[in-house]
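Note sheet for the following structure.
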Protein chains: 2
Amino acid sequence: MLTSTVENYLKTILKMEDMKLRASTSRVARQLDVADASVTDMLRKLQKAGLLEYRPYYGASLTDRGRKTALMILRRHRLIEQFLHQVLGYGWERVHDEAERLEHEVSDFFIQKLDDLLGHPAKDPHGEAIPDAEGGRAEEEDICLADARPGGHTIHRVTSREPEFFAYLEREGLLPSHTFRLLDRVPYQGPLKIQLEGKKFPQYIGLEAARLIYVIPATPGVMTKKKESRVAAHRSLRPADPRQHVRVSVTRRKR
Amino acid sequence: MLTSTVENYLKTILKMEDMKLRASTSRVARQLDVADASVTDMLRKLQKAGLLEYRPYYGASLTDRGRKTALMILRRHRLIEQFLHQVLGYGWERVHDEAERLEHEVSDFFIQKLDDLLGHPAKDPHGEAIPDAEGGRAEEEDICLADARPGGHTIHRVTSREPEFFAYLEREGLLPSHTFRLLDRVPYQGPLKIQLEGKKFPQYIGLEAARLIYVIPATPGVMTKKKESRVAAHRSLRPADPRQHVRVSVTRRKR
DNA sequence: TAAAATATTTAGAGTATTCTAAATATTATT
DNA sequence: AATAATATTTAGAATACTCTAAATATTTTA
């Protein structure tokens, strides 16, 4: 069994590989908020354990075993987030920190039961895909709002974990599954002008915020079945809208 | 925030105080499966932290603060056990080990939400009382089966945490809320002869097993309201009987 | 391409917890 | 009350992780 420290290193490196960033000593150190020297030690140790390849002065890359392990931690994390949101009624801004601790302690049996209870969800409350029990992931086909072209879009995924950012998104109505029209991009790194479905007036979002939001562009006219169902799957992902919350009833059978 | 190691020391000492046993170095060491020397160090440390009083060559006793802390851990433990049993469908023999890890990681917010979800349960799956949020506990009015007198009894609580013992109890039908008649006590530490309600033939239980089972004697004729409700509260505590399991539905509202 | 800036590693040490083995205190036995 | 048995503490060391400061390597800049 791995310590939670080790699990956090693996998760961090997986995230960097997903973002196509080199998992260098300093980047890992910054992310985990530890000293560079600590990372050097740990990477060497994890290489010895066969979880990653480590090249001095370069950084780490996960072995297949390391990646599989990291994906299982990610699965635990996101299933727990979904549970906290759907069953315990956590706001989406609170799920991350709690899951961050629990993911290292729950058993495989627990995760299996949770997965059953939740009906094998595909996404967590932020819209992130939950890896399956074999570590398989549906590849994300969304694009970053910062790179989006004018036209209709549906909010799909939010990559920040900052509660303040969630609060901002809620105030602005920028929640997963919400639909809007990108009207204009102010040049020279200026803000984006968008028109949210159901709102009277257009609004502006800064580029920094847009970088943390991923959207699925509406394909006008031709909408394949696959895309349609993908969007539909996210209908259920409106965090923090009480009407969208899940009803859980714990009832005893009569005897 | 306390480490899980510290929490386990406190929990152990609370259990000993509940059983009116001196929390001596060696007894704590045996319970936690660590060396005596480790306990000496830790007790000194916990005294410095104001969680207990430590007298060399004698042992430890909890301060009010230490007891309150230990009770909160016990509350977390038992609420989690109840959740695992009632919501995730764990058998009662599996709940202990999982709760043992999770109790150190969940937040107060989590426990509050869990308590709401479960409807503020009074007991865990073994029949043990769950302390309230202030650390208050209804004192147990059950007696040890090993000391019981002939007559009618209802099984109330099982203090073992051994999966094999649970399996034995299930085979014998000796589950919380089950009712039986103690017919006879074989002298010289011999077994107890009991007649379970609904069974054709009487059966025998060894004294060692009986020491781990607590019962509420049927008070023939005069049964106060209080006692009645206490027994009724345990009607819901038949672990491992599938018909007794809880139905949980996670359903989305229509939009 | 040499100097400056930056990134990484090495060396040595700290914390929390644990251990074993030896020393000491307490309790039980004669 | 002296001895034996048992319980407890002290001393010194191990593990997993962390740190800071110094040394070294790599990259950037001029």
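Ordered as shown in the structure tokens, chains take letters A, B, and onward, while each chain numbers its residues from 1 and ligands are numbered from 1 in the order shown.
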Same-sequence superposition of chain A onto chain B, all C-alpha, as a short mmCIF file (atom, residue, chain, number, x, y, z; two decimals) with C-alpha atoms, in the first residue's frame:
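superposed16.cif, written as the output of this step:
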data_model
loop_
_atom_site.label_atom_id
_atom_site.label_comp_id
_atom_site.auth_asym_id
_atom_site.auth_seq_id
_atom_site.Cartn_x
_atom_site.Cartn_y
_atom_site.Cartn_z
CA MET A 1 -5.39 19.21 14.06
CA LEU A 2 -4.40 15.90 15.66
CA THR A 3 -2.62 13.11 13.82
CA SER A 4 -4.50 9.85 13.40
CA THR A 5 -1.94 8.22 15.69
CA VAL A 6 -2.86 10.60 18.49
CA GLU A 7 -6.55 10.06 17.83
CA ASN A 8 -6.06 6.32 18.16
CA TYR A 9 -4.31 6.70 21.50
CA LEU A 10 -7.16 8.84 22.82
CA LYS A 11 -9.81 6.44 21.55
CA THR A 12 -8.05 3.51 23.16
CA ILE A 13 -7.77 5.23 26.53
CA LEU A 14 -11.43 6.26 26.39
CA LYS A 15 -12.40 2.66 25.77
CA MET A 16 -10.41 1.56 28.81
CA GLU A 17 -11.94 4.22 31.01
CA ASP A 18 -15.38 3.11 29.81
CA MET A 19 -14.52 -0.43 30.88
CA LYS A 20 -13.22 0.92 34.19
CA LEU A 21 -9.75 -0.37 33.44
CA ARG A 22 -6.61 1.55 34.29
CA ALA A 23 -5.01 2.84 31.07
CA SER A 24 -1.57 1.50 31.93
CA THR A 25 1.36 1.73 29.56
CA SER A 26 1.36 -1.97 28.79
CA ARG A 27 -2.38 -2.25 28.28
CA VAL A 28 -2.40 0.65 25.85
CA ALA A 29 0.62 -0.83 24.10
CA ARG A 30 -1.04 -4.22 23.72
CA GLN A 31 -4.24 -2.69 22.39
CA LEU A 32 -2.45 -0.53 19.82
CA ASP A 33 0.14 -3.16 19.00
CA VAL A 34 3.14 -0.93 19.68
CA ALA A 35 6.06 -1.25 22.08
CA ASP A 36 5.64 -0.14 25.68
CA ALA A 37 8.39 2.43 25.21
CA SER A 38 6.44 4.10 22.43
CA VAL A 39 3.46 4.48 24.71
CA THR A 40 5.52 6.10 27.46
CA ASP A 41 6.73 8.70 24.98
CA MET A 42 3.30 9.34 23.58
CA LEU A 43 1.57 9.64 26.94
CA ARG A 44 4.10 12.22 28.02
CA LYS A 45 3.51 14.12 24.80
CA LEU A 46 -0.26 14.01 25.17
CA GLN A 47 0.02 15.23 28.74
CA LYS A 48 2.04 18.19 27.50
CA ALA A 49 -0.75 18.83 24.98
CA GLY A 50 -3.30 18.85 27.81
CA LEU A 51 -5.26 15.87 26.55
CA LEU A 52 -4.54 13.55 29.47
CA GLU A 53 -2.90 13.25 32.86
CA TYR A 54 0.04 10.91 32.98
CA ARG A 55 1.55 9.50 36.15
CA PRO A 56 4.79 7.52 35.63
CA TYR A 57 4.49 3.85 36.53
CA TYR A 58 0.74 4.26 36.72
CA GLY A 59 -0.76 5.27 33.40
CA ALA A 60 -3.07 7.85 31.86
CA SER A 61 -6.47 9.35 32.44
CA LEU A 62 -8.16 11.70 30.02
CA THR A 63 -8.69 15.35 30.83
CA ASP A 64 -12.07 16.83 29.98
CA ARG A 65 -10.59 18.12 26.76
CA GLY A 66 -9.09 14.73 25.97
CA ARG A 67 -12.37 12.97 26.68
CA LYS A 68 -14.34 15.38 24.53
CA THR A 69 -11.87 14.85 21.72
CA ALA A 70 -12.06 11.07 22.05
CA LEU A 71 -15.85 11.19 22.06
CA MET A 72 -15.86 13.15 18.82
CA ILE A 73 -13.65 10.50 17.24
CA LEU A 74 -16.00 7.81 18.52
CA ARG A 75 -18.91 9.74 17.08
CA ARG A 76 -17.19 9.95 13.72
CA HIS A 77 -16.36 6.26 13.83
CA ARG A 78 -19.86 5.09 14.61
CA LEU A 79 -21.64 7.45 12.23
CA ILE A 80 -19.35 6.25 9.47
CA GLU A 81 -20.07 2.63 10.40
CA GLN A 82 -23.78 3.30 10.26
CA PHE A 83 -23.39 4.99 6.88
CA LEU A 84 -21.37 2.11 5.46
CA HIS A 85 -23.98 -0.35 6.64
CA GLN A 86 -27.16 1.54 5.83
CA VAL A 87 -26.21 3.43 2.70
CA LEU A 88 -23.44 1.46 1.07
CA GLY A 89 -24.74 -1.94 2.17
CA TYR A 90 -21.62 -3.12 3.98
CA GLY A 91 -22.03 -6.22 6.11
CA TRP A 92 -21.60 -5.44 9.79
CA GLU A 93 -18.34 -7.41 9.85
CA ARG A 94 -16.74 -5.01 7.34
CA VAL A 95 -17.74 -1.65 8.74
CA HIS A 96 -15.18 -1.44 11.52
CA ASP A 97 -11.95 -1.53 9.55
CA GLU A 98 -13.10 0.96 6.95
CA ALA A 99 -14.40 3.38 9.61
CA GLU A 100 -11.13 3.01 11.48
CA ARG A 101 -9.33 4.70 8.61
CA LEU A 102 -11.93 7.22 7.50
CA GLU A 103 -12.67 8.57 10.98
CA HIS A 104 -9.34 10.43 10.95
CA GLU A 105 -9.89 12.15 7.63
CA VAL A 106 -13.49 13.32 7.44
CA SER A 107 -14.32 16.96 8.24
CA ASP A 108 -16.87 18.16 10.78
CA PHE A 109 -18.96 19.29 7.85
CA PHE A 110 -18.92 15.76 6.45
CA ILE A 111 -20.08 14.31 9.75
CA GLN A 112 -22.85 16.86 10.01
CA LYS A 113 -24.09 15.99 6.53
CA LEU A 114 -23.83 12.28 7.25
CA ASP A 115 -25.79 12.66 10.47
CA ASP A 116 -28.54 14.48 8.56
CA LEU A 117 -28.58 11.89 5.79
CA LEU A 118 -28.91 9.04 8.26
CA GLY A 119 -31.60 10.79 10.27
CA HIS A 120 -29.51 11.27 13.43
CA PRO A 121 -29.13 7.60 14.31
CA ALA A 122 -28.70 6.62 17.96
CA LYS A 123 -26.78 3.39 17.35
CA ASP A 124 -24.15 1.94 15.04
CA PRO A 125 -24.53 -1.48 13.36
CA HIS A 126 -23.15 -3.27 16.41
CA GLY A 127 -25.71 -1.65 18.68
CA GLU A 128 -23.25 0.80 20.20
CA ALA A 129 -24.56 4.27 21.04
CA ILE A 130 -23.37 7.14 18.85
CA PRO A 131 -22.30 10.13 20.97
CA ASP A 132 -24.08 13.35 20.03
CA ALA A 133 -22.31 16.41 18.65
CA GLU A 134 -21.63 17.67 22.19
CA GLY A 135 -20.16 14.35 23.29
CA GLY A 136 -23.23 13.30 25.24
CA ARG A 137 -24.01 9.60 25.47
CA ALA A 138 -27.09 7.74 26.62
CA GLU A 139 -25.69 5.39 29.23
CA GLU A 140 -26.05 1.74 28.29
CA GLU A 141 -28.57 -0.11 30.41
CA ASP A 142 -27.82 -3.50 28.97
CA ILE A 143 -26.08 -6.30 30.84
CA CYS A 144 -23.48 -8.82 29.79
CA LEU A 145 -25.01 -12.09 28.64
CA ALA A 146 -22.38 -13.90 30.69
CA ASP A 147 -23.96 -12.37 33.82
CA ALA A 148 -27.60 -12.65 32.75
CA ARG A 149 -30.20 -14.51 34.73
CA PRO A 150 -32.59 -17.06 33.25
CA GLY A 151 -35.55 -15.51 31.45
CA GLY A 152 -36.32 -13.48 28.34
CA HIS A 153 -33.69 -11.20 26.80
CA THR A 154 -33.14 -9.13 23.68
CA ILE A 155 -29.71 -8.93 22.09
CA HIS A 156 -28.63 -5.33 22.21
CA ARG A 157 -24.93 -4.94 21.56
CA VAL A 158 -21.92 -6.96 20.44
CA THR A 159 -18.53 -5.73 21.56
CA SER A 160 -16.22 -7.88 19.46
CA ARG A 161 -14.81 -6.58 16.18
CA GLU A 162 -13.65 -10.00 14.86
CA PRO A 163 -15.20 -10.91 11.50
CA GLU A 164 -15.10 -14.58 12.47
CA PHE A 165 -17.12 -13.90 15.56
CA PHE A 166 -19.71 -12.04 13.47
CA ALA A 167 -19.93 -15.02 11.15
CA TYR A 168 -20.53 -17.30 14.14
CA LEU A 169 -23.25 -15.00 15.48
CA GLU A 170 -24.97 -14.94 12.15
CA ARG A 171 -24.94 -18.71 11.85
CA GLU A 172 -26.40 -18.95 15.33
CA GLY A 173 -28.94 -16.20 14.74
CA LEU A 174 -27.54 -14.11 17.58
CA LEU A 175 -27.99 -10.67 16.08
CA PRO A 176 -28.95 -7.38 17.71
CA SER A 177 -32.72 -7.10 18.24
CA HIS A 178 -33.20 -10.87 18.31
CA THR A 179 -35.02 -12.19 21.33
CA PHE A 180 -34.35 -15.38 23.25
CA ARG A 181 -34.94 -17.09 26.54
CA LEU A 182 -32.00 -18.03 28.73
CA LEU A 183 -32.97 -21.48 30.00
CA ASP A 184 -30.01 -22.67 31.95
CA ARG A 185 -26.44 -22.00 32.94
CA VAL A 186 -24.20 -25.02 33.06
CA PRO A 187 -22.14 -24.68 36.25
CA TYR A 188 -18.33 -24.41 36.48
CA GLN A 189 -17.97 -21.89 33.61
CA GLY A 190 -20.03 -24.11 31.34
CA PRO A 191 -22.04 -22.95 28.34
CA LEU A 192 -25.42 -21.21 28.39
CA LYS A 193 -28.52 -22.93 27.11
CA ILE A 194 -30.80 -20.56 25.23
CA GLN A 195 -34.00 -20.79 23.22
CA LEU A 196 -34.13 -18.30 20.36
CA GLU A 197 -37.54 -16.91 19.47
CA GLY A 198 -38.81 -18.68 16.39
CA LYS A 199 -36.38 -21.60 16.61
CA LYS A 200 -37.43 -25.18 17.24
CA PHE A 201 -34.56 -26.35 19.43
CA PRO A 202 -32.51 -24.73 22.15
CA GLN A 203 -28.83 -24.07 21.55
CA TYR A 204 -25.68 -23.60 23.63
CA ILE A 205 -23.24 -20.71 23.68
CA GLY A 206 -19.84 -20.77 25.35
CA LEU A 207 -19.11 -18.35 28.16
CA GLU A 208 -16.33 -16.68 26.18
CA ALA A 209 -18.80 -15.74 23.46
CA ALA A 210 -21.40 -14.68 26.00
CA ARG A 211 -18.94 -12.19 27.46
CA LEU A 212 -18.97 -10.26 24.18
CA ILE A 213 -22.75 -10.04 23.93
CA TYR A 214 -24.89 -7.55 25.83
CA VAL A 215 -28.60 -8.01 26.30
CA ILE A 216 -31.61 -6.18 27.66
CA PRO A 217 -33.59 -8.42 30.01
CA ALA A 218 -37.30 -8.51 29.36
CA THR A 219 -39.02 -7.00 32.39
CA PRO A 220 -42.04 -9.25 32.67
CA GLY A 221 -45.32 -7.39 33.22
CA VAL A 222 -44.02 -3.93 34.13
CA MET A 223 -42.35 -2.49 31.07
CA THR A 224 -41.80 1.22 31.34
CA LYS A 225 -42.28 3.44 28.33
CA LYS A 226 -38.62 4.29 28.39
CA LYS A 227 -37.52 0.72 28.15
CA GLU A 228 -40.06 -0.03 25.50
CA SER A 229 -38.83 2.71 23.25
CA ARG A 230 -35.26 1.72 23.86
CA VAL A 231 -35.94 -1.76 22.64
CA ALA A 232 -37.95 -0.45 19.74
CA ALA A 233 -35.05 1.70 18.67
CA HIS A 234 -33.09 -1.46 18.11
CA ARG A 235 -35.62 -3.11 15.95
CA SER A 236 -33.82 -1.49 13.08
CA LEU A 237 -30.52 -3.02 14.03
CA ARG A 238 -30.49 -6.42 12.50
CA PRO A 239 -27.25 -6.51 10.61
CA ALA A 240 -26.65 -8.96 7.82
CA ASP A 241 -30.30 -9.80 7.40
CA PRO A 242 -30.92 -8.63 3.83
CA ARG A 243 -34.60 -7.98 4.50
CA GLN A 244 -33.46 -5.51 7.10
CA HIS A 245 -31.20 -3.57 4.82
CA VAL A 246 -31.97 -0.07 3.91
CA ARG A 247 -33.14 1.11 0.56
CA VAL A 248 -31.33 4.12 -0.76
CA SER A 249 -32.51 5.76 -3.89
CA VAL A 250 -30.44 8.32 -5.67
CA THR A 251 -32.83 9.95 -8.07
CA ARG A 252 -32.63 13.13 -10.01
CA ARG A 253 -35.54 15.45 -10.04
CA LYS A 254 -37.21 16.07 -13.34
CA ARG A 255 -36.50 19.41 -14.85
#
- Assign secondary structure with DSSP using the backbone only, and return the residues of segment 47-213 of chain B in strand (DSSP E) as a PyMOL selection string. chain B and resi 52-55+59-62+143-144+151-158+179-185+192-196+203-205+213
Only C-alpha atoms, please: the residues just picked out, written as a CSV table (one decimal), in the first residue's frame.
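What follows is the written file again01.csv:
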chain,number,residue,atom,x,y,z
B,52,LEU,CA,-4.5,13.5,29.5
B,53,GLU,CA,-2.9,13.2,32.9
B,54,TYR,CA,0.1,10.9,33.0
B,55,ARG,CA,1.6,9.4,36.2
B,59,GLY,CA,-0.8,5.2,33.4
B,60,ALA,CA,-3.1,7.8,31.9
B,61,SER,CA,-6.5,9.3,32.5
B,62,LEU,CA,-8.2,11.7,30.0
B,143,ILE,CA,-26.1,-6.3,30.8
B,144,CYS,CA,-23.5,-8.8,29.8
B,151,GLY,CA,-35.5,-15.5,31.5
B,152,GLY,CA,-36.3,-13.5,28.4
B,153,HIS,CA,-33.6,-11.2,26.8
B,154,THR,CA,-33.1,-9.1,23.7
B,155,ILE,CA,-29.7,-8.9,22.1
B,156,HIS,CA,-28.6,-5.3,22.2
B,157,ARG,CA,-24.9,-4.9,21.5
B,158,VAL,CA,-21.9,-6.9,20.4
B,179,THR,CA,-35.0,-12.2,21.4
B,180,PHE,CA,-34.3,-15.4,23.3
B,181,ARG,CA,-34.9,-17.1,26.6
B,182,LEU,CA,-31.9,-18.0,28.8
B,183,LEU,CA,-32.9,-21.5,30.1
B,184,ASP,CA,-29.9,-22.7,32.0
B,185,ARG,CA,-26.4,-22.0,33.0
B,192,LEU,CA,-25.4,-21.2,28.4
B,193,LYS,CA,-28.4,-22.9,27.2
B,194,ILE,CA,-30.7,-20.5,25.3
B,195,GLN,CA,-33.9,-20.8,23.3
B,196,LEU,CA,-34.1,-18.3,20.4
B,203,GLN,CA,-28.7,-24.1,21.6
B,204,TYR,CA,-25.6,-23.6,23.7
B,205,ILE,CA,-23.2,-20.7,23.7
B,213,ILE,CA,-22.8,-10.0,23.9
At most 8 Å to chain A: residues in chain D, only C-alpha atoms (C1' of nucleotides), as a short mmCIF file (atom, residue, chain, number, x, y, z; two decimals) with N, CA and C atoms (P, O5', C5', C4', C3', O3' and C1' of nucleotides), in the first residue's frame:
data_model
loop_
_atom_site.label_atom_id
_atom_site.label_comp_id
_atom_site.auth_asym_id
_atom_site.auth_seq_id
_atom_site.Cartn_x
_atom_site.Cartn_y
_atom_site.Cartn_z
P DT D 18 7.01 15.06 1.69
"O5'" DT D 18 7.90 16.13 2.45
"C5'" DT D 18 7.36 16.87 3.54
"C4'" DT D 18 8.46 17.53 4.34
"C3'" DT D 18 9.36 18.48 3.58
"O3'" DT D 18 8.73 19.71 3.38
"C1'" DT D 18 10.56 17.21 5.20
P DC D 19 9.37 20.80 2.43
"O5'" DC D 19 10.56 21.43 3.29
"C5'" DC D 19 10.29 22.04 4.55
"C4'" DC D 19 11.60 22.35 5.25
"C3'" DC D 19 12.53 23.23 4.42
"O3'" DC D 19 12.35 24.58 4.80
"C1'" DC D 19 13.72 21.35 5.32
P DA D 25 28.59 18.86 -12.13
"O5'" DA D 25 27.36 18.87 -13.14
"C5'" DA D 25 26.09 18.52 -12.68
"C4'" DA D 25 25.02 19.27 -13.44
"C3'" DA D 25 25.26 19.50 -14.91
"O3'" DA D 25 24.20 18.82 -15.57
"C1'" DA D 25 24.49 21.48 -13.85
P DT D 26 24.07 18.77 -17.16
"O5'" DT D 26 23.14 20.02 -17.47
"C5'" DT D 26 21.80 20.04 -16.96
"C4'" DT D 26 21.18 21.36 -17.30
"C3'" DT D 26 21.17 21.70 -18.79
"O3'" DT D 26 19.80 21.82 -19.13
"C1'" DT D 26 21.84 23.57 -17.48
#
- Task: Between atom C1' of DT8 of chain C and atom C1' of DC17 of chain D, measure the distance and give it in Å to one decimal.
- Result: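 Result for atom C1' of DT8 of chain C versus atom C1' of DC17 of chain D: 19.3 Å, one decimal.
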- Item | Distance-based interface of chain C with chain B, 10 Å, counting only C-alpha atoms (C1' of nucleotides), as a PyMOL selection string | chain C and resi 16-20+25-26
- Item | Sel. of alpha helix (DSSP H) residues, segment 156-222 of chain A, as a list in words |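 Alpha helix (DSSP H) assignments inside segment 156-222 of chain A correspond to Pro163, Glu164, Phe165, Phe166, Ala167, Tyr168, Leu169, Glu170, Arg171, Glu172, Leu207, Glu208, Ala209 and Ala210 of chain A.
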- Task: Quick one: pull the distance between atom C1' of DT15 of chain D and atom C1' of DT24 of chain C, Å, one decimal.
- Result: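 Spanning atom C1' of DT15 of chain D to atom C1' of DT24 of chain C is a straight-line distance of 28.6 Å.
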- Go ahead and compute the interatomic distance for atom C1' of DT9 of chain C and atom C1' of DA21 of chain D, in Å to one decimal.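 Atom C1' of DT9 of chain C sits 12.3 Å away from atom C1' of DA21 of chain D.
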